[in-house]
Structure formats: structure tokens, C-alpha cells
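Peer 1: My file is my_file_27.cif. It has mmCIF, C-alpha atoms:
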data_run
loop_
_atom_site.group_PDB
_atom_site.id
_atom_site.type_symbol
_atom_site.label_atom_id
_atom_site.label_comp_id
_atom_site.auth_asym_id
_atom_site.auth_seq_id
_atom_site.Cartn_x
_atom_site.Cartn_y
_atom_site.Cartn_z
ATOM 1 C CA MET A 22 -5.519 32.572 4.254
ATOM 2 C CA ALA A 23 -3.459 29.391 4.353
ATOM 3 C CA ASP A 24 -1.827 28.273 1.121
ATOM 4 C CA LEU A 25 -2.340 24.513 0.731
ATOM 5 C CA ARG A 26 -0.419 24.226 -2.530
ATOM 6 C CA SER A 27 2.104 21.414 -2.498
ATOM 7 C CA ASN A 28 5.389 20.888 -4.319
ATOM 8 C CA PHE A 29 6.525 17.367 -3.537
ATOM 9 C CA ILE A 30 9.829 16.458 -5.255
ATOM 10 C CA GLY A 31 8.898 18.865 -8.039
ATOM 11 C CA ILE A 32 5.382 17.434 -8.480
ATOM 12 C CA LYS A 33 2.908 20.252 -7.949
ATOM 13 C CA SER A 34 -0.670 19.889 -6.719
ATOM 14 C CA PRO A 35 -3.269 22.310 -5.291
ATOM 15 C CA ASN A 36 -3.161 20.532 -1.911
ATOM 16 C CA PRO A 37 -1.113 17.777 -0.232
ATOM 17 C CA PHE A 38 -3.913 15.189 -0.331
ATOM 18 C CA TRP A 39 -3.385 12.417 -2.880
ATOM 19 C CA LEU A 40 -5.324 9.221 -3.428
ATOM 20 C CA ALA A 41 -3.113 6.160 -3.019
ATOM 21 C CA SER A 42 -2.724 3.464 -5.639
ATOM 22 C CA ALA A 43 -5.791 1.269 -5.082
ATOM 23 C CA PRO A 44 -9.246 0.475 -6.513
ATOM 24 C CA PRO A 45 -10.377 4.158 -6.291
ATOM 25 C CA THR A 46 -7.662 5.072 -8.832
ATOM 26 C CA ASP A 47 -8.045 2.153 -11.218
ATOM 27 C CA LYS A 48 -9.573 3.944 -14.200
ATOM 28 C CA GLU A 49 -10.228 7.279 -15.901
ATOM 29 C CA TYR A 50 -13.806 7.541 -14.617
ATOM 30 C CA ASN A 51 -12.738 7.263 -10.982
ATOM 31 C CA VAL A 52 -9.764 9.600 -11.280
ATOM 32 C CA ARG A 53 -11.876 12.310 -12.904
ATOM 33 C CA ARG A 54 -14.411 12.009 -10.067
ATOM 34 C CA ALA A 55 -11.581 12.272 -7.550
ATOM 35 C CA TYR A 56 -10.168 15.430 -9.104
ATOM 36 C CA GLU A 57 -13.600 17.016 -9.304
ATOM 37 C CA ALA A 58 -14.138 16.234 -5.605
ATOM 38 C CA GLY A 59 -10.952 18.143 -4.749
ATOM 39 C CA TRP A 60 -8.082 15.653 -4.482
ATOM 40 C CA GLY A 61 -4.753 17.284 -5.241
ATOM 41 C CA GLY A 62 -3.325 14.198 -6.881
ATOM 42 C CA VAL A 63 -3.665 10.480 -7.466
ATOM 43 C CA VAL A 64 -1.360 7.514 -7.752
ATOM 44 C CA TRP A 65 -2.841 5.369 -10.522
ATOM 45 C CA LYS A 66 -3.521 1.760 -9.518
ATOM 46 C CA THR A 67 -0.457 -0.385 -10.140
ATOM 47 C CA LEU A 68 0.313 -1.235 -13.760
ATOM 48 C CA GLY A 69 2.141 -4.380 -14.831
ATOM 49 C CA GLU A 70 3.841 -5.356 -18.047
ATOM 50 C CA ALA A 71 1.918 -6.358 -21.136
ATOM 51 C CA GLY A 72 1.793 -10.131 -21.470
ATOM 52 C CA PRO A 73 0.895 -12.575 -18.703
ATOM 53 C CA PRO A 74 -2.658 -11.731 -17.640
ATOM 54 C CA VAL A 75 -3.439 -10.647 -14.096
ATOM 55 C CA VAL A 76 -6.537 -12.458 -12.847
ATOM 56 C CA ASN A 77 -8.295 -11.086 -9.783
ATOM 57 C CA VAL A 78 -10.726 -13.369 -7.993
ATOM 58 C CA SER A 79 -14.366 -13.084 -8.970
ATOM 59 C CA GLY A 80 -15.988 -12.507 -5.614
ATOM 60 C CA PRO A 81 -15.466 -10.566 -2.371
ATOM 61 C CA ARG A 82 -11.943 -9.189 -2.009
ATOM 62 C CA TYR A 83 -12.233 -7.512 1.397
ATOM 63 C CA GLY A 84 -12.456 -8.466 5.050
ATOM 64 C CA ALA A 85 -13.195 -5.860 7.724
ATOM 65 C CA ILE A 86 -12.684 -5.195 11.427
ATOM 66 C CA TRP A 87 -15.432 -3.057 12.986
ATOM 67 C CA GLY A 88 -15.459 -1.107 16.235
ATOM 68 C CA ALA A 89 -18.219 -1.396 18.830
ATOM 69 C CA ASP A 90 -19.951 1.586 17.201
ATOM 70 C CA ARG A 91 -19.717 -0.123 13.780
ATOM 71 C CA ARG A 92 -17.058 2.275 12.628
ATOM 72 C CA LEU A 93 -14.525 0.700 10.272
ATOM 73 C CA LEU A 94 -11.226 0.103 12.046
ATOM 74 C CA GLY A 95 -9.354 -1.940 9.492
ATOM 75 C CA LEU A 96 -9.767 -3.374 6.022
ATOM 76 C CA ASN A 97 -8.068 -6.456 4.636
ATOM 77 C CA ASN A 98 -7.852 -6.769 0.853
ATOM 78 C CA ILE A 99 -6.748 -9.481 -1.553
ATOM 79 C CA GLU A 100 -6.642 -7.158 -4.594
ATOM 80 C CA LEU A 101 -3.935 -7.750 -7.163
ATOM 81 C CA ILE A 102 -2.522 -5.084 -9.481
ATOM 82 C CA THR A 103 -4.692 -3.832 -12.345
ATOM 83 C CA ASP A 104 -6.300 -6.522 -14.450
ATOM 84 C CA ARG A 105 -7.098 -4.013 -17.221
ATOM 85 C CA PRO A 106 -4.948 -4.013 -20.401
ATOM 86 C CA LEU A 107 -1.790 -1.894 -20.166
ATOM 87 C CA GLU A 108 -2.575 0.052 -23.322
ATOM 88 C CA VAL A 109 -6.026 1.019 -22.002
ATOM 89 C CA ASN A 110 -4.570 2.339 -18.766
ATOM 90 C CA LEU A 111 -1.859 4.282 -20.594
ATOM 91 C CA ARG A 112 -4.368 5.869 -22.963
ATOM 92 C CA GLU A 113 -6.590 6.943 -20.083
ATOM 93 C CA ILE A 114 -3.657 8.318 -18.054
ATOM 94 C CA LYS A 115 -2.571 10.472 -20.987
ATOM 95 C CA GLN A 116 -6.046 11.902 -21.492
ATOM 96 C CA VAL A 117 -6.671 12.610 -17.812
ATOM 97 C CA LYS A 118 -3.316 14.368 -17.392
ATOM 98 C CA ARG A 119 -4.032 16.606 -20.364
ATOM 99 C CA ASP A 120 -7.457 17.504 -18.981
ATOM 100 C CA TYR A 121 -6.203 18.177 -15.434
ATOM 101 C CA PRO A 122 -2.695 19.643 -15.849
ATOM 102 C CA ASP A 123 -2.743 21.269 -12.401
ATOM 103 C CA ARG A 124 -3.293 17.959 -10.561
ATOM 104 C CA ALA A 125 -0.589 15.467 -9.673
ATOM 105 C CA LEU A 126 -0.730 12.158 -11.516
ATOM 106 C CA VAL A 127 1.787 9.514 -10.509
ATOM 107 C CA VAL A 128 1.758 5.985 -11.927
ATOM 108 C CA SER A 129 2.359 2.959 -9.714
ATOM 109 C CA LEU A 130 4.430 0.212 -11.349
ATOM 110 C CA MET A 131 5.200 -3.422 -10.612
ATOM 111 C CA VAL A 132 7.085 -5.598 -13.096
ATOM 112 C CA PRO A 133 9.529 -8.500 -12.698
ATOM 113 C CA CYS A 134 12.991 -7.853 -11.293
ATOM 114 C CA GLU A 135 14.665 -7.607 -14.700
ATOM 115 C CA GLU A 136 15.945 -4.432 -16.328
ATOM 116 C CA GLU A 137 14.352 -4.840 -19.769
ATOM 117 C CA PRO A 138 10.705 -4.961 -18.537
ATOM 118 C CA TRP A 139 11.400 -1.848 -16.480
ATOM 119 C CA LYS A 140 12.869 -0.062 -19.506
ATOM 120 C CA ARG A 141 9.820 -0.896 -21.614
ATOM 121 C CA ILE A 142 7.190 0.194 -19.135
ATOM 122 C CA LEU A 143 9.049 3.373 -18.156
ATOM 123 C CA LYS A 144 9.230 4.457 -21.793
ATOM 124 C CA ALA A 145 5.487 3.833 -22.192
ATOM 125 C CA VAL A 146 4.621 5.773 -19.043
ATOM 126 C CA GLU A 147 6.827 8.719 -20.025
ATOM 127 C CA GLU A 148 4.801 9.092 -23.212
ATOM 128 C CA THR A 149 1.647 9.725 -21.139
ATOM 129 C CA GLU A 150 3.250 12.866 -19.622
ATOM 130 C CA ALA A 151 2.506 11.594 -16.108
ATOM 131 C CA ASP A 152 4.297 13.481 -13.327
ATOM 132 C CA GLY A 153 6.211 10.554 -11.884
ATOM 133 C CA VAL A 154 6.274 6.881 -10.978
ATOM 134 C CA GLU A 155 5.847 4.998 -7.721
ATOM 135 C CA LEU A 156 7.557 1.618 -7.471
ATOM 136 C CA ASN A 157 5.272 -0.850 -5.711
ATOM 137 C CA PHE A 158 7.680 -2.805 -3.527
ATOM 138 C CA GLY A 159 5.116 -3.291 -0.806
ATOM 139 C CA CYS A 160 2.153 -5.456 -1.804
ATOM 140 C CA PRO A 161 2.200 -8.402 0.665
ATOM 141 C CA HIS A 162 -0.034 -10.765 -1.291
ATOM 142 C CA GLY A 163 -0.022 -11.978 -4.865
ATOM 143 C CA MET A 164 2.597 -11.577 -7.605
ATOM 144 C CA ALA A 165 5.470 -12.861 -5.429
ATOM 145 C CA GLU A 166 5.765 -15.794 -7.824
ATOM 146 C CA ARG A 167 6.764 -13.260 -10.498
ATOM 147 C CA GLY A 168 9.361 -11.603 -8.279
ATOM 148 C CA MET A 169 7.292 -8.518 -7.475
ATOM 149 C CA GLY A 170 5.716 -6.654 -4.562
ATOM 150 C CA SER A 171 7.009 -7.243 -1.043
ATOM 151 C CA ALA A 172 9.098 -10.135 -2.394
ATOM 152 C CA VAL A 173 11.303 -7.318 -3.720
ATOM 153 C CA GLY A 174 10.605 -4.819 -0.948
ATOM 154 C CA GLN A 175 11.946 -7.157 1.734
ATOM 155 C CA VAL A 176 15.344 -7.394 0.018
ATOM 156 C CA PRO A 177 17.244 -4.076 0.211
ATOM 157 C CA GLU A 178 19.675 -5.114 -2.522
ATOM 158 C CA TYR A 179 16.764 -5.574 -4.951
ATOM 159 C CA ILE A 180 15.267 -2.219 -4.003
ATOM 160 C CA GLU A 181 18.555 -0.458 -4.667
ATOM 161 C CA MET A 182 19.085 -2.294 -7.947
ATOM 162 C CA VAL A 183 15.616 -1.641 -9.403
ATOM 163 C CA THR A 184 15.538 1.961 -8.221
ATOM 164 C CA ARG A 185 18.854 2.546 -9.968
ATOM 165 C CA TRP A 186 17.462 1.037 -13.178
ATOM 166 C CA VAL A 187 14.486 3.376 -13.001
ATOM 167 C CA LYS A 188 16.641 6.456 -12.449
ATOM 168 C CA GLN A 189 19.016 5.465 -15.252
ATOM 169 C CA ASN A 190 16.223 4.816 -17.744
ATOM 170 C CA SER A 191 13.735 7.574 -16.965
ATOM 171 C CA ARG A 192 13.573 11.331 -16.480
ATOM 172 C CA MET A 193 10.529 11.040 -14.190
ATOM 173 C CA PRO A 194 10.667 11.546 -10.420
ATOM 174 C CA CYS A 195 10.742 8.171 -8.669
ATOM 175 C CA ILE A 196 8.951 7.356 -5.416
ATOM 176 C CA VAL A 197 9.679 3.979 -3.805
ATOM 177 C CA LYS A 198 6.735 2.505 -1.874
ATOM 178 C CA LEU A 199 7.935 0.543 1.146
ATOM 179 C CA THR A 200 6.507 -2.527 2.816
ATOM 180 C CA PRO A 201 5.957 -2.505 6.595
ATOM 181 C CA ASN A 202 6.416 -6.289 6.623
ATOM 182 C CA ILE A 203 10.062 -6.045 7.612
ATOM 183 C CA THR A 204 12.049 -5.940 10.858
ATOM 184 C CA ASN A 205 13.594 -2.501 10.332
ATOM 185 C CA ILE A 206 12.070 0.080 7.974
ATOM 186 C CA LEU A 207 15.411 1.879 7.698
ATOM 187 C CA TYR A 208 16.975 -0.928 5.643
ATOM 188 C CA PRO A 209 14.663 -0.553 2.601
ATOM 189 C CA ALA A 210 14.600 3.233 2.982
ATOM 190 C CA GLU A 211 18.384 3.393 2.943
ATOM 191 C CA ALA A 212 18.456 1.102 -0.097
ATOM 192 C CA ALA A 213 16.005 3.325 -1.950
ATOM 193 C CA LYS A 214 18.148 6.347 -1.158
ATOM 194 C CA ARG A 215 21.315 4.602 -2.369
ATOM 195 C CA GLY A 216 19.534 3.708 -5.601
ATOM 196 C CA GLY A 217 18.728 7.358 -6.222
ATOM 197 C CA ALA A 218 15.050 7.481 -5.258
ATOM 198 C CA ASP A 219 13.589 10.973 -5.150
ATOM 199 C CA ALA A 220 11.271 9.963 -2.292
ATOM 200 C CA VAL A 221 9.759 7.045 -0.418
ATOM 201 C CA SER A 222 6.101 6.417 0.386
ATOM 202 C CA LEU A 223 4.885 4.337 3.310
ATOM 203 C CA ILE A 224 3.324 2.277 4.591
ATOM 204 C CA ASN A 225 1.910 -0.265 2.228
ATOM 205 C CA THR A 226 -0.500 -2.803 3.695
ATOM 206 C CA ILE A 227 0.350 -5.176 6.548
ATOM 207 C CA ASN A 228 0.211 -8.938 6.055
ATOM 208 C CA SER A 229 -2.944 -10.109 7.798
ATOM 209 C CA ILE A 230 -5.876 -12.444 8.245
ATOM 210 C CA THR A 231 -8.826 -10.526 9.657
ATOM 211 C CA SER A 232 -11.034 -13.472 10.590
ATOM 212 C CA VAL A 233 -11.767 -17.160 10.047
ATOM 213 C CA ASN A 234 -15.125 -18.595 9.043
ATOM 214 C CA LEU A 235 -15.738 -21.275 11.663
ATOM 215 C CA ASP A 236 -18.345 -23.068 9.546
ATOM 216 C CA THR A 237 -16.001 -23.626 6.616
ATOM 217 C CA PHE A 238 -12.685 -23.191 8.477
ATOM 218 C CA THR A 239 -11.345 -20.773 5.880
ATOM 219 C CA PRO A 240 -10.011 -17.227 6.158
ATOM 220 C CA GLU A 241 -12.362 -14.394 5.209
ATOM 221 C CA PRO A 242 -13.166 -13.336 2.582
ATOM 222 C CA THR A 243 -14.017 -16.851 1.405
ATOM 223 C CA ILE A 244 -14.446 -17.526 -2.304
ATOM 224 C CA ASP A 245 -15.440 -20.951 -3.610
ATOM 225 C CA GLY A 246 -14.504 -22.459 -0.267
ATOM 226 C CA LEU A 247 -11.020 -20.953 -0.180
ATOM 227 C CA GLY A 248 -9.391 -18.001 1.553
ATOM 228 C CA ALA A 249 -5.971 -16.392 1.908
ATOM 229 C CA HIS A 250 -3.966 -13.777 3.749
ATOM 230 C CA GLY A 251 -4.218 -10.196 2.519
ATOM 231 C CA GLY A 252 -3.074 -6.643 3.141
ATOM 232 C CA TYR A 253 -4.376 -4.719 6.177
ATOM 233 C CA CYS A 254 -5.042 -0.981 6.064
ATOM 234 C CA GLY A 255 -7.306 1.653 7.586
ATOM 235 C CA PRO A 256 -7.330 3.595 10.892
ATOM 236 C CA ALA A 257 -5.912 0.653 12.872
ATOM 237 C CA VAL A 258 -2.542 0.843 11.075
ATOM 238 C CA LYS A 259 -2.012 4.572 11.640
ATOM 239 C CA PRO A 260 0.196 4.211 14.774
ATOM 240 C CA ILE A 261 2.484 1.786 12.939
ATOM 241 C CA ALA A 262 2.684 4.075 9.926
ATOM 242 C CA LEU A 263 3.391 7.169 12.028
ATOM 243 C CA ASN A 264 6.256 5.392 13.786
ATOM 244 C CA MET A 265 7.846 4.200 10.551
ATOM 245 C CA VAL A 266 7.578 7.639 8.928
ATOM 246 C CA ALA A 267 9.218 9.162 12.018
ATOM 247 C CA GLU A 268 12.009 6.577 12.013
ATOM 248 C CA ILE A 269 12.980 7.487 8.457
ATOM 249 C CA ALA A 270 12.628 11.233 9.017
ATOM 250 C CA ARG A 271 14.848 11.316 12.117
ATOM 251 C CA SER A 272 17.535 8.782 11.149
ATOM 252 C CA ALA A 273 20.896 10.239 10.204
ATOM 253 C CA THR A 274 21.126 7.793 7.282
ATOM 254 C CA THR A 275 17.809 8.844 5.697
ATOM 255 C CA ALA A 276 17.259 12.376 7.004
ATOM 256 C CA GLY A 277 16.212 14.694 4.191
ATOM 257 C CA LEU A 278 14.727 11.894 2.068
ATOM 258 C CA PRO A 279 11.241 13.152 1.098
ATOM 259 C CA ILE A 280 8.380 11.037 2.450
ATOM 260 C CA SER A 281 4.806 10.551 1.249
ATOM 261 C CA GLY A 282 2.860 9.395 4.309
ATOM 262 C CA ILE A 283 0.284 6.597 4.039
ATOM 263 C CA GLY A 284 -1.664 4.592 6.595
ATOM 264 C CA GLY A 285 -5.063 5.135 8.160
ATOM 265 C CA ILE A 286 -5.424 8.811 7.257
ATOM 266 C CA THR A 287 -9.095 9.719 7.640
ATOM 267 C CA THR A 288 -9.150 13.366 8.782
ATOM 268 C CA TRP A 289 -7.121 16.549 8.340
ATOM 269 C CA ARG A 290 -5.694 15.948 11.817
ATOM 270 C CA ASP A 291 -4.311 12.561 10.770
ATOM 271 C CA ALA A 292 -2.663 14.210 7.783
ATOM 272 C CA ALA A 293 -1.164 17.002 9.900
ATOM 273 C CA GLU A 294 0.305 14.419 12.298
ATOM 274 C CA PHE A 295 2.047 12.621 9.433
ATOM 275 C CA MET A 296 3.414 15.914 8.122
ATOM 276 C CA ALA A 297 4.567 17.027 11.571
ATOM 277 C CA LEU A 298 6.616 13.827 11.784
ATOM 278 C CA GLY A 299 8.268 14.464 8.425
ATOM 279 C CA ALA A 300 5.905 13.571 5.563
ATOM 280 C CA GLY A 301 5.839 16.110 2.745
ATOM 281 C CA ASN A 302 2.366 15.018 1.630
ATOM 282 C CA VAL A 303 -0.092 12.207 2.336
ATOM 283 C CA GLN A 304 -1.902 9.479 0.441
ATOM 284 C CA VAL A 305 -5.357 8.133 1.306
ATOM 285 C CA CYS A 306 -7.283 5.011 0.305
ATOM 286 C CA THR A 307 -9.518 3.415 2.951
ATOM 287 C CA ALA A 308 -11.201 6.690 3.964
ATOM 288 C CA ALA A 309 -12.165 7.367 0.349
ATOM 289 C CA MET A 310 -13.520 3.833 -0.019
ATOM 290 C CA THR A 311 -15.480 4.168 3.238
ATOM 291 C CA TYR A 312 -16.840 7.715 2.999
ATOM 292 C CA GLY A 313 -16.550 8.585 -0.699
ATOM 293 C CA PHE A 314 -14.295 10.911 -2.656
ATOM 294 C CA LYS A 315 -15.724 14.052 -1.039
ATOM 295 C CA VAL A 316 -14.091 13.197 2.290
ATOM 296 C CA VAL A 317 -11.179 15.275 1.000
ATOM 297 C CA GLN A 318 -13.232 18.445 1.337
ATOM 298 C CA GLU A 319 -13.236 18.114 5.139
ATOM 299 C CA MET A 320 -9.505 17.483 5.007
ATOM 300 C CA ILE A 321 -8.925 20.643 2.979
ATOM 301 C CA SER A 322 -11.126 22.905 5.102
ATOM 302 C CA GLY A 323 -9.855 21.429 8.381
ATOM 303 C CA LEU A 324 -6.179 21.779 7.509
ATOM 304 C CA SER A 325 -6.744 25.315 6.208
ATOM 305 C CA GLU A 326 -8.467 26.375 9.436
ATOM 306 C CA PHE A 327 -5.758 24.728 11.549
ATOM 307 C CA MET A 328 -3.037 26.590 9.658
ATOM 308 C CA ASP A 329 -4.869 29.914 9.953
ATOM 309 C CA ASN A 330 -5.298 29.412 13.710
ATOM 310 C CA HIS A 331 -1.573 28.723 14.116
ATOM 311 C CA GLY A 332 -0.366 31.486 11.821
ATOM 312 C CA LEU A 333 0.980 29.039 9.238
ATOM 313 C CA THR A 334 0.895 30.156 5.612
ATOM 314 C CA SER A 335 2.373 27.111 3.866
ATOM 315 C CA VAL A 336 2.081 23.337 4.363
ATOM 316 C CA ASP A 337 5.883 23.243 4.306
ATOM 317 C CA GLU A 338 5.825 24.974 7.692
ATOM 318 C CA ILE A 339 4.205 21.865 9.225
ATOM 319 C CA VAL A 340 6.589 19.286 7.759
ATOM 320 C CA GLY A 341 9.002 17.923 10.326
ATOM 321 C CA ARG A 342 7.908 20.176 13.167
#
Before we go any further, please render this structure as C-alpha cells.

Peer 2:
Amino acid sequence: MADLRSNFIGIKSPNPFWLASAPPTDKEYNVRRAYEAGWGGVVWKTLGEAGPPVVNVSGPRYGAIWGADRRLLGLNNIELITDRPLEVNLREIKQVKRDYPDRALVVSLMVPCEEEPWKRILKAVEETEADGVELNFGCPHGMAERGMGSAVGQVPEYIEMVTRWVKQNSRMPCIVKLTPNITNILYPAEAAKRGGADAVSLINTINSITSVNLDTFTPEPTIDGLGAHGGYCGPAVKPIALNMVAEIARSATTAGLPISGIGGITTWRDAAEFMALGAGNVQVCTAAMTYGFKVVQEMISGLSEFMDNHGLTSVDEIVGR
């Protein structure tokens, strides 16, 4: 019987399937449902510093690309980081981790590019007993005016600097989430490694406009007559994500840097492909939003059967094959 247990940079989970930082991981209620459905871990939706409020638009936040059979190919979102109070998120994280000690719980973070805000939020997250942090250097829309998201992730020097702050001011494992909106994915990966990152995760969403409303001449989704670019994810981005994961895994400058694979993972086969190219585990968002939390059960059973058929006893035997 295949053993699906995962130990990613010291963070243990019953399987390698984590939910990515996104709306499905934005609150205690959702994370509990995810764990009960079988997810091995979650990355809590990105937290920001206490203070300036984050205001998401009140209206549709998604645009979609559908195949001829009406299957979802890609999803564009204009979500910002959490708009819930920091103290509420921290309280819920602490309670969930205590109730599910065997599941991975990593907290996504995005604060301005200054050391003091990072010190403050890292101390607060440590007190929740979360397993680690993921630095959101990838979001391609919103928050750039505060020096966050891909505005940081597109500048290797900033990645290295902030990652070093995190490692100097925290005992928690640190995953750096990379943006694909860059000419060469090795530059930010190398910077994360120089800064002391324990791992990288990729890809974050791709800058996109999925469609234009030709009655109002505005990008979709349109809210109060206005639209904007967003972040593209879902099955359509999988080939791009696979290539970037492989580039990092096989480069002499980043070889051995643990990778959490993200991008269009919908089935166990998708996950196995990411792991074969070098990812130590995988993160999922769009599939859970499309098919519900229980989609992970097919991933678990499918990967287990695949491993049994190939005489593999541990997920580590797939990684990098």
C-alpha cells in the first residue's frame, strides 16, 4: 500500500495535496471543511499588516474562459489579500492548528517592503503555532502601490532582502511564492535561495484580461462600469507552470531548492507530473473552486493506485524522476 505521507521542508502532512492561498482558505469554516474532505494542508489566504484597510470590490471578481464542452479552462480573478481583520485571522489560525495538529497549516503573508512590518507580523504568526509562512511575491494585481505582490517579486534584490529579514526574525520555515510575470524564473528563484528561503512555490497567477464587454467597452468582470486586469489560473496555465518548475529543478544554480508546485492541477496525474519534474508537493485552488473540496479524494485514490501499480512506496520516489 502506497504511503502518501509528505514531509516538505520539515512540514508534515498526511498527503502532498495542499490548498493554495486563495478564497477557499480565507477563514476557519472553509479550512475545517477542507481538512475534513481530506486535504493534507492549506496555505491560509494572504494576511496583511494591521492598519490600512484592504477593500475588495463589491461585485463579481472572476472572469472565465470555457472550452467547447463548457469545461473551465482558465479563471481570471481580481481578488486582493484578505479583507478580514488581522486579529480575527490569527485567532482562527491558532484554533484550527490546535484542532488539526496532523495537517499542514502555512500562512501566506504580504506586507510593505520594510523590515519592521515584517518583524511584527512574523511574531504574531509564530504565536499561532502555524507550521510556516509563504511570502506572497506573486500577486499581479492590487497592492503594488504599497510595495507588495509582484511589484516585489519582479525585483530579485527585494526578494533576497525580504527573505533574509524573514529568516533572521523567525524560526518558521519560509516558502517564497514566485510570480510567472518575469522574463526568467531563475532570477527570483536564485534570489530566494540567496536570502535563505527553505523552498519556493510557483506559479502564482499570470497577468491577464480574459475578455472585453463590447457593449460597455470594459474588461470583464465589469463592476460599476469599470474593469481591470487580473490574475489568470486554472488548467490553461499548467504547461507554463510545469516548465518553470522544471527550469528551477534542473538549473545548477537552484538544484536542490525544494519546490511546491502550483498551476492548473486538477487530477492526481497533474500532481504526479509536477512531482516528476521536481516538486516536493503541490498546491491547488481552481479545481477546488470548480469541483468542491472533495476533489482531493480522487487525487488521493488516483495517486495511491498509480504508486501501487509502479511499485512505489513513498511520494519521495516520484520527485524529480

Peer 1: Which polymer residues, whether protein, DNA or RNA, lie within 12 Å of the coordinate (10.8, -1.9, 10.5) when you count all atoms listed in the file? List them as a list in words, using the chain letters and numbers from the file.

Peer 2: Gly174, Gln175, Leu199, Thr200, Pro201, Asn202, Ile203, Thr204, Asn205, Ile206, Leu207, Tyr208, Pro209, Ala210, Glu211, Leu223, Ile224, Ile227, Ile261, Ala262, Leu263, Asn264, Met265, Val266, Ala267, Glu268 and Ile269 of chain A

Peer 1: Measure the distance from CA of Val183 (chain A) to CA of Gly153 (chain A) in Å and round it to one decimal.

Peer 2: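 It comes out at 15.6 Å.
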
Peer 1: Step by step, gather every atom of region 185-192 of chain A that the file lists, find the box along x, y and z that holds them, add 3 Å on each side, and finally give centre and edge lengths in Å to one decimal, as AutoDock Vina command-line options.

Peer 2:
--center_x 16.3 --center_y 6.2 --center_z -13.9 --size_x 11.4 --size_y 16.3 --size_z 13.8

Peer 1: Quick one: residues within 12 Å of Leu107 (chain A), only C-alpha atoms, excluding same-chain residues fewer than 3 positions away - as a count of residues only?

Peer 2: 28

Peer 1: Would you write out, as a list in words, every residue that the PyMOL selection byres ((chain A and resi 59) around 8) captures in this file?

Peer 2: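 After applying the PyMOL selection byres ((chain A and resi 59) around 8), what remains is Ala55, Tyr56, Glu57, Ala58, Trp60, Gly61, Lys315, Val317 and Gln318 of chain A.
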
Peer 1: Per residue of region 34-145 of chain A within 7 Å of region 252-257 of chain A, record the nearest atom pair and its distance in Å to one decimal, counting only C-alpha atoms, with rows in chain order and ascending residue number, as a tab-separated table.

Peer 2:
residue	atom	partner	partner_atom	distance
A:Leu94	CA	A:Pro256	CA	5.4
A:Gly95	CA	A:Gly255	CA	4.6
A:Leu96	CA	A:Cys254	CA	5.3
A:Asn97	CA	A:Tyr253	CA	4.4
A:Asn98	CA	A:Gly252	CA	5.3
A:Ile99	CA	A:Gly252	CA	6.6

Peer 1: List the residues matched by the PyMOL selection byres ((chain A and resi 155) around 12) in the displayed structure as a VMD selection string, ordered by chain and then by residue number.

Peer 2: chain A and resid 41 to 42 63 to 68 126 to 132 143 146 151 to 154 156 to 159 183 to 184 187 to 188 193 to 199 213 218 to 223 225 281

Peer 1: How many Å separate CA of Gly313 (chain A) from CA of Pro45 (chain A)?

Peer 2: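 Atom-to-atom, CA of Gly313 (chain A) and CA of Pro45 (chain A) are spaced 9.4 Å apart.
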
Peer 1: Between A:Ser34, A:Thr239, A:Asn77, A:Gln116, which one has atoms that come closest to Glu49 (chain A), using only C-alpha atoms?

Peer 2: A:Gln116

Peer 1: Between A:Gln189, A:Asn228, A:Thr237, A:Ser322, which is the closest to Gly216 (chain A) once you count all atoms listed in the file?

Peer 2: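 Of A:Gln189, A:Asn228, A:Thr237, A:Ser322, the one nearest Gly216 (chain A) is A:Gln189, counting all atoms listed in the file.
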
Peer 1: So, with all atoms listed in the file as the atoms that count, which of A:Glu108, A:Asp337, A:Glu181, A:Glu326 lies closest to Pro279 (chain A)?

Peer 2: A:Asp337

Peer 1: Please return as a list in words every residue within 10 Å of (-6.1, 25.4, 4.9), taking into account all atoms listed in the file and the file's own coordinates.

Peer 2: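 Protein, DNA and RNA residues close to (-6.1, 25.4, 4.9): Met22, Ala23, Asp24, Leu25, Arg26, Asn36, Trp289, Met320, Ile321, Ser322, Gly323, Leu324, Ser325, Glu326, Phe327, Met328, Asp329, Asn330, Leu333, Thr334, Ser335 and Val336 of chain A.
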
Peer 1: Just checking: using only C-alpha atoms, which residue out of A:Glu150, A:Thr274, A:Gly251, A:Pro177 ends up closest to Arg192 (chain A)?

Peer 2: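 Ranking A:Glu150, A:Thr274, A:Gly251, A:Pro177 by distance to Arg192 (chain A), first place goes to A:Glu150.
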
Peer 1: Using all atoms listed in the file, which protein or nucleic acid residues come within 6 Å of Gly299 (chain A)? Drop anything in the same chain fewer than 4 positions from it, and give the result as a list in words.

Peer 2: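 The residues satisfying every condition are Ala270, Val340 and Gly341 of chain A.
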
Peer 1: What is the CA of Phe295 (chain A) to CA of Lys259 (chain A) distance in Å?

Peer 2: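 Taking CA of Phe295 (chain A) as the start and CA of Lys259 (chain A) as the end point, the length is 9.3 Å.
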